[in-house]
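As provided, query_16.cif (mmCIF, C-alpha atoms) reads as follows.
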```cif
data_protein
#
loop_
_atom_site.label_atom_id
_atom_site.label_comp_id
_atom_site.auth_asym_id
_atom_site.auth_seq_id
_atom_site.Cartn_x
_atom_site.Cartn_y
_atom_site.Cartn_z
CA MET A 22 183.43 136.84 70.10
CA ALA A 23 183.00 139.89 72.34
CA LYS A 24 179.73 141.78 72.20
CA LEU A 25 179.87 144.70 69.79
CA PRO A 26 179.34 148.07 71.54
CA ASP A 27 176.15 149.86 70.51
CA THR A 28 178.23 152.67 69.07
CA GLU A 29 179.98 150.30 66.64
CA LYS A 30 176.84 148.70 65.22
CA ASN A 31 176.04 149.15 61.55
CA SER A 32 174.22 152.32 60.46
CA HIS A 33 170.54 152.09 59.61
CA TYR A 34 171.41 153.87 56.35
CA ASP A 35 173.31 152.59 53.32
CA HIS A 36 174.55 153.94 49.99
CA ILE A 37 174.95 157.26 51.77
CA GLU A 38 177.30 158.51 49.06
CA GLN A 39 174.37 158.32 46.64
CA MET A 40 172.08 160.51 48.78
CA SER A 41 171.29 164.10 47.91
CA THR A 42 172.44 166.85 50.25
CA LEU A 43 168.87 167.20 51.52
CA GLN A 44 168.60 163.48 52.21
CA VAL A 45 171.87 163.46 54.16
CA LEU A 46 170.94 166.49 56.22
CA THR A 47 167.42 165.25 56.93
CA SER A 48 168.69 161.82 57.97
CA ILE A 49 171.30 163.27 60.32
CA ASN A 50 168.68 165.51 61.87
CA GLN A 51 166.27 162.61 62.34
CA GLU A 52 168.98 160.67 64.16
CA ASP A 53 169.91 163.67 66.30
CA GLN A 54 166.32 164.00 67.49
CA LEU A 55 166.68 160.65 69.25
CA VAL A 56 169.53 161.90 71.44
CA ALA A 57 167.60 164.11 73.88
CA HIS A 58 165.13 161.30 74.55
CA SER A 59 167.99 158.93 75.31
CA VAL A 60 169.51 161.46 77.71
CA ALA A 61 166.12 161.89 79.40
CA SER A 62 166.08 158.18 80.22
CA GLN A 63 169.27 158.66 82.24
CA ILE A 64 168.27 161.68 84.32
CA GLY A 65 167.90 159.54 87.45
CA ALA A 66 171.44 158.21 87.04
CA ILE A 67 172.78 161.71 86.35
CA GLU A 68 171.01 163.00 89.48
CA LYS A 69 172.73 160.45 91.70
CA LEU A 70 176.13 161.28 90.26
CA VAL A 71 175.63 165.06 90.52
CA ASP A 72 174.55 164.88 94.17
CA GLN A 73 177.65 162.87 95.05
CA ILE A 74 179.95 165.27 93.18
CA ALA A 75 178.43 168.37 94.77
CA GLU A 76 178.70 166.93 98.26
CA ARG A 77 182.41 166.28 97.77
CA MET A 78 183.14 169.59 96.08
CA LYS A 79 181.56 171.43 99.01
CA ARG A 80 184.25 169.77 101.12
CA GLY A 81 187.02 170.88 98.76
CA GLY A 82 186.98 168.05 96.23
CA ARG A 83 187.56 168.49 92.54
CA LEU A 84 185.98 167.06 89.39
CA PHE A 85 188.13 165.34 86.76
CA TYR A 86 187.07 164.25 83.30
CA ILE A 87 189.19 161.66 81.46
CA GLY A 88 188.70 160.59 77.87
CA SER A 89 190.28 160.18 74.45
CA GLY A 90 189.45 161.61 71.04
CA THR A 91 186.06 163.32 70.84
CA SER A 92 185.16 162.21 74.37
CA GLY A 93 188.35 163.69 75.79
CA ARG A 94 187.92 166.94 73.88
CA LEU A 95 184.37 167.34 75.15
CA GLY A 96 185.58 166.89 78.72
CA VAL A 97 188.31 169.48 78.23
CA VAL A 98 185.81 171.94 76.73
CA ASP A 99 183.36 171.53 79.61
CA ALA A 100 186.10 171.92 82.22
CA SER A 101 187.63 174.96 80.50
CA GLU A 102 184.28 176.76 80.39
CA CYS A 103 183.63 176.54 84.13
CA PRO A 104 186.06 179.30 85.24
CA PRO A 105 184.79 182.02 82.87
CA THR A 106 181.15 181.03 83.31
CA TYR A 107 181.08 180.59 87.07
CA GLY A 108 184.21 182.38 88.28
CA VAL A 109 185.68 179.24 89.84
CA PRO A 110 189.41 178.44 90.03
CA HIS A 111 190.87 176.54 87.09
CA ASP A 112 191.67 173.54 89.28
CA TRP A 113 188.07 172.88 90.38
CA VAL A 114 187.09 171.08 87.16
CA ILE A 115 189.91 169.53 85.13
CA GLY A 116 189.73 167.79 81.76
CA LEU A 117 192.41 165.25 80.82
CA ILE A 118 192.74 163.78 77.34
CA ALA A 119 194.76 160.77 76.19
CA GLY A 120 197.89 162.05 74.48
CA GLY A 121 197.99 165.30 76.44
CA ASP A 122 196.89 168.78 75.44
CA GLY A 123 198.33 168.37 71.94
CA ALA A 124 195.65 165.76 71.29
CA ILE A 125 192.98 168.44 71.60
CA ARG A 126 193.90 169.62 68.10
CA LYS A 127 195.61 166.61 66.54
CA ALA A 128 194.96 162.92 67.16
CA VAL A 129 197.79 161.12 68.96
CA GLU A 130 198.03 157.59 67.60
CA PHE A 131 197.44 154.77 70.08
CA ALA A 132 197.34 157.13 73.08
CA GLU A 133 193.96 155.73 74.07
CA ASP A 134 195.37 152.19 74.24
CA ASP A 135 197.60 152.86 77.29
CA ALA A 136 195.67 151.62 80.33
CA THR A 137 198.13 153.11 82.83
CA GLN A 138 198.54 156.65 81.52
CA ALA A 139 195.31 158.21 82.82
CA TRP A 140 196.25 157.53 86.44
CA LYS A 141 199.72 158.97 85.78
CA ASP A 142 198.03 162.07 84.35
CA LEU A 143 195.81 162.29 87.45
CA LEU A 144 198.76 161.91 89.81
CA VAL A 145 200.17 165.22 88.56
CA HIS A 146 197.21 166.88 90.29
CA GLY A 147 197.59 165.08 93.63
CA PRO A 148 194.23 163.25 93.66
CA ASN A 149 192.51 162.62 96.99
CA PRO A 150 189.36 160.77 98.14
CA GLU A 151 187.23 163.93 97.97
CA ASP A 152 187.82 164.11 94.21
CA THR A 153 185.60 162.64 91.49
CA VAL A 154 186.74 161.09 88.22
CA ILE A 155 184.26 160.78 85.35
CA GLY A 156 185.40 158.55 82.51
CA ILE A 157 184.00 159.55 79.12
CA ALA A 158 184.00 156.92 76.38
CA ALA A 159 181.33 156.40 73.75
CA SER A 160 181.93 152.66 73.44
CA GLY A 161 182.78 152.26 77.12
CA THR A 162 185.83 150.20 76.16
CA THR A 163 188.70 152.71 75.88
CA PRO A 164 191.74 151.35 77.80
CA TYR A 165 192.96 154.84 78.84
CA VAL A 166 189.60 155.52 80.49
CA LEU A 167 189.08 152.03 81.93
CA GLY A 168 192.51 152.03 83.55
CA GLY A 169 192.01 155.55 84.90
CA VAL A 170 188.70 154.93 86.64
CA LYS A 171 189.83 151.55 87.95
CA ALA A 172 192.90 153.11 89.59
CA ALA A 173 190.91 156.09 90.83
CA ARG A 174 188.33 153.88 92.50
CA ALA A 175 191.06 151.73 94.05
CA HIS A 176 192.51 154.89 95.62
CA GLY A 177 189.17 155.94 97.10
CA LEU A 178 188.04 158.55 94.59
CA LEU A 179 184.40 158.71 93.50
CA THR A 180 183.97 157.35 89.98
CA GLY A 181 181.31 157.88 87.34
CA CYS A 182 181.12 157.60 83.58
CA ILE A 183 179.38 158.82 80.45
CA ALA A 184 179.14 156.01 77.92
CA CYS A 185 176.83 155.35 75.00
CA SER A 186 176.66 151.57 75.09
CA ALA A 187 174.53 149.53 77.47
CA GLY A 188 176.29 147.27 79.98
CA SER A 189 179.68 148.59 78.93
CA PRO A 190 182.93 147.56 80.67
CA LEU A 191 183.29 151.19 81.78
CA GLY A 192 179.81 151.25 83.28
CA GLN A 193 180.59 148.12 85.24
CA LEU A 194 183.80 149.58 86.67
CA VAL A 195 182.38 152.79 88.15
CA GLU A 196 180.06 153.50 91.04
CA TYR A 197 177.76 155.88 89.16
CA PRO A 198 177.39 154.93 85.50
CA VAL A 199 175.50 157.07 83.00
CA GLU A 200 174.92 155.10 79.80
CA VAL A 201 173.08 157.06 77.13
CA VAL A 202 172.32 154.55 74.37
CA VAL A 203 171.79 156.49 71.15
CA GLY A 204 172.06 153.56 68.74
CA PRO A 205 174.16 153.24 65.59
CA GLU A 206 175.62 156.39 64.10
CA PHE A 207 174.52 157.75 60.73
CA ILE A 208 178.05 157.00 59.54
CA THR A 209 178.91 153.67 61.14
CA GLY A 210 181.19 154.18 64.14
CA SER A 211 181.44 157.98 63.80
CA THR A 212 180.89 158.66 67.49
CA ARG A 213 181.57 162.37 67.16
CA MET A 214 177.97 162.52 65.96
CA LYS A 215 175.10 161.24 68.16
CA ALA A 216 177.33 159.86 70.90
CA GLY A 217 179.31 163.09 71.07
CA THR A 218 176.11 165.13 71.19
CA ALA A 219 174.78 162.96 74.02
CA GLN A 220 178.02 163.31 75.97
CA LYS A 221 177.98 167.08 75.52
CA LEU A 222 174.39 167.29 76.80
CA VAL A 223 175.21 165.20 79.88
CA LEU A 224 178.36 167.20 80.61
CA ASN A 225 176.33 170.42 80.41
CA MET A 226 173.84 168.97 82.87
CA ILE A 227 176.48 167.75 85.32
CA SER A 228 178.66 170.85 85.50
CA THR A 229 175.74 173.31 85.46
CA THR A 230 173.85 171.53 88.24
CA VAL A 231 176.97 171.11 90.35
CA MET A 232 177.74 174.83 90.03
CA ILE A 233 174.19 175.69 91.04
CA HIS A 234 174.61 173.51 94.15
CA LEU A 235 177.88 175.32 94.89
CA GLY A 236 176.07 178.67 94.93
CA ARG A 237 177.42 179.96 91.64
CA VAL A 238 174.00 180.98 90.30
CA GLN A 239 171.58 183.49 91.84
CA GLY A 240 168.03 183.56 90.48
CA ASN A 241 168.90 182.58 86.92
CA LYS A 242 172.10 184.61 86.59
CA MET A 243 175.81 183.75 86.34
CA VAL A 244 176.73 186.23 89.05
CA ASP A 245 180.36 185.11 89.25
CA MET A 246 181.16 185.08 85.52
CA GLN A 247 184.44 186.64 84.44
CA LEU A 248 183.95 190.03 82.82
CA SER A 249 186.57 189.33 80.17
CA ASN A 250 185.12 191.18 77.18
CA GLU A 251 182.69 193.95 76.25
CA LYS A 252 179.80 191.57 75.63
CA LEU A 253 180.12 190.08 79.12
CA GLU A 254 180.48 193.52 80.71
CA LYS A 255 177.21 194.56 79.06
CA ARG A 256 175.55 191.33 80.20
CA GLY A 257 176.76 191.99 83.73
CA ALA A 258 175.41 195.52 83.61
CA ARG A 259 172.00 194.25 82.46
CA MET A 260 171.96 191.80 85.37
CA LEU A 261 172.56 194.65 87.80
CA MET A 262 169.96 196.88 86.14
CA THR A 263 167.35 194.16 86.52
CA GLU A 264 168.31 193.06 90.01
CA LEU A 265 168.83 196.50 91.55
CA ASN A 266 166.47 198.59 89.40
CA ILE A 267 169.21 201.03 88.42
CA ASP A 268 170.24 202.61 85.10
CA GLU A 269 173.02 201.43 82.81
CA MET A 270 175.50 204.11 83.84
CA GLU A 271 175.21 203.26 87.52
CA ALA A 272 175.37 199.54 86.77
CA SER A 273 178.56 199.94 84.73
CA GLY A 274 180.09 202.01 87.49
CA LEU A 275 179.32 199.34 90.06
CA LEU A 276 180.90 196.66 87.88
CA LYS A 277 184.07 198.71 87.48
CA LYS A 278 184.20 199.29 91.21
CA TYR A 279 183.56 195.75 92.42
CA GLY A 280 184.73 193.57 89.51
CA SER A 281 181.86 191.06 89.51
CA VAL A 282 178.08 190.98 89.48
CA ARG A 283 177.88 189.26 92.86
CA ALA A 284 180.27 191.70 94.54
CA ALA A 285 178.44 194.66 92.98
CA ILE A 286 175.06 193.44 94.28
CA ASP A 287 176.46 192.83 97.76
CA GLY A 288 178.28 196.17 97.78
CA TYR A 289 175.23 198.10 96.64
CA ARG A 290 173.02 196.54 99.32
CA ARG A 291 175.40 197.05 102.20
#
```
Take the structure in the file and write it out as structure tokens.
Amino acid sequence: MAKLPDTEKNSHYDHIEQMSTLQVLTSINQEDQLVAHSVASQIGAIEKLVDQIAERMKRGGRLFYIGSGTSGRLGVVDASECPPTYGVPHDWVIGLIAGGDGAIRKAVEFAEDDATQAWKDLLVHGPNPEDTVIGIAASGTTPYVLGGVKAARAHGLLTGCIACSAGSPLGQLVEYPVEVVVGPEFITGSTRMKAGTAQKLVLNMISTTVMIHLGRVQGNKMVDMQLSNEKLEKRGARMLMTELNIDEMEASGLLKKYGSVRAAIDGYRR
């Protein structure tokens, strides 16, 4: 019998339906507190992956996330937040989910079981050896993800993964595995909980650090963020006020003139 993934092991809790609301909430919180420590144990592995990604992206490579269910949705979310946060093109970081974009809202039955579809989805984007593919799968056994990274690696792309089971098939397939073992879920097998939280934390770390390496942060500011609403315009103005020691009216005028915090700073100093 095949080894059971860590994410499928039986919960440490039982008779959950008999717990009070406070007991349920306290137990979930206690389990969640283990996640950050598990991520910390993988910082060295994350560092190696990030450095490889950044090196390739500086040469024009792109970053792809592939996953199904919660894992796929988390990849799509992380990818979709890079353009507004860092002002990068939408094709720099791309999230692909088994079943297509419709699966972001509604589960597509058996989509994750097709081991050939992820590479077909990647082919739409014209993958090349400067690109990176990160497979995201809590159990590390999802056929869609396994097939995708296997094909990607065979075609010369850099491959990494974010899994939550030690020694997973996915981890063994990629060059740069990140395996954050968070243990059994509070609800047995509900990997949208601790495993999903761990994956979200690692995705935040990867994309943020890569964008820093690509020069998309100055000091501690998102100087290339899209000024797409009033809140962000005010944030941009505050950045300029702090950086240039000017008042709000002048800062707002510079933003309107130049369209971004970075351009406004450069324009002001020229």
Output of the PyMOL selection byres ((chain A and resi 206) around 8), listed as an MDAnalysis selection string | chainID A and resid 28:32 52 204:205 207:212 214:216
Which residues of stretch 115-202 of chain A have any atom within 8 Å of an atom in stretch 59-81 of chain A when counting all atoms listed in the file, and what is the closest pair of atoms for each, with the distance in Å to one decimal? Order the rows by chain and rising number and write it as a tab-separated table.
```
residue	atom	partner	partner_atom	distance
A:Glu151	CA	A:Arg77	CA	5.4
A:Asp152	CA	A:Arg77	CA	6.8
A:Thr153	CA	A:Ile74	CA	6.5
A:Leu179	CA	A:Ile74	CA	7.9
A:Gly181	CA	A:Leu70	CA	6.8
A:Tyr197	CA	A:Leu70	CA	5.7
A:Pro198	CA	A:Ala66	CA	7.0
A:Val199	CA	A:Ala66	CA	5.8
A:Glu200	CA	A:Gln63	CA	7.1
A:Val201	CA	A:Val60	CA	5.7
A:Val202	CA	A:Ser59	CA	6.2
```
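Excluding A:Phe85 itself and same-chain residues fewer than 4 positions from it, the residues having an atom within 10 Å of it are Gly96, Val97, Ala100, Asp112, Trp113, Val114, Ile115, Gly116, Leu117, Leu143, His146, Pro148, Asp152, Thr153, Val154, Ile155, Gly156 and Thr180 of chain A, counting all atoms listed in the file.
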List as a count of residues only the protein and nucleic acid residues near A:Lys24, meaning an atom at most 12 Å away when all atoms listed in the file are counted, but skip any in the same chain fewer than 5 places from it. 10
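Atom pair atom CA of A:Asp35 / atom CA of A:Thr47 has a distance of 14.4 Å (rounded to one decimal).
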* **stretch 253-270 of chain A environment, 10 Å, only C-alpha atoms, sequence neighbours closer than 5 positions dropped, as a ChimeraX atom specification** => /A:240-248,275-277,280-283,285-286,289-290
Atom CA of A:His33 to atom CA of A:Ile49 measures 11.2 Å
Separating atom CA of A:Gly217 from atom CA of A:Ser92, to the nearest tenth of an Å, is a gap of 6.8 Å
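Residues in contact range of A:His176, defined as at most 10 Å between all atoms listed in the file, with sequence neighbours fewer than 5 positions away removed, read Pro148, Asn149, Pro150, Val170 and Lys171 of chain A.
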Under the PyMOL selection byres ((chain A and resi 126-136) around 8), which residues of this model are included? Write them out as JSON, numbers by chain.
{"A": [89, 90, 119, 120, 122, 123, 124, 125, 137, 138, 139, 163, 164, 165, 166, 167, 168, 169]}
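Here the question is which of A:Arg291, A:Gly88, A:Val98, A:Glu251 gets nearest to A:Ser273 using only C-alpha atoms, and that residue is A:Glu251.
Remark: for A:Leu224, the closest of the candidate residues A:Leu194, A:Ala272, A:Val45, A:Arg94 is A:Arg94 (distances computed over all atoms listed in the file).
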Which of these residues is nearest to A:Asp142, using only C-alpha atoms: A:Ile157, A:Val195, A:Ile87, A:Cys182?
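Comparing A:Ile157, A:Val195, A:Ile87, A:Cys182 against A:Asp142, the winner is A:Ile87.
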Give me the stretch 129-232 of chain A side of the contact with stretch 103-111 of chain A, cut-off 9 Å, one line per residue showing its nearest atom pair and distance in Å at one decimal, counting all atoms listed in the file, sorted by chain and residue number, as a tab-separated table.
```
residue	atom	partner	partner_atom	distance
A:Ser228	CA	A:Cys103	CA	7.7
A:Thr229	CA	A:Cys103	CA	8.6
A:Met232	CA	A:Tyr107	CA	7.3
```
File dump, residues just selected, C-alpha atoms, as a PDB file, keeping the file's coordinate frame:
```pdb
ATOM      1  CA  SER A 228     178.660 170.850  85.500  1.00  0.00           C
ATOM      2  CA  THR A 229     175.740 173.310  85.460  1.00  0.00           C
ATOM      3  CA  MET A 232     177.740 174.830  90.030  1.00  0.00           C
TER       4      MET A 232
END
```
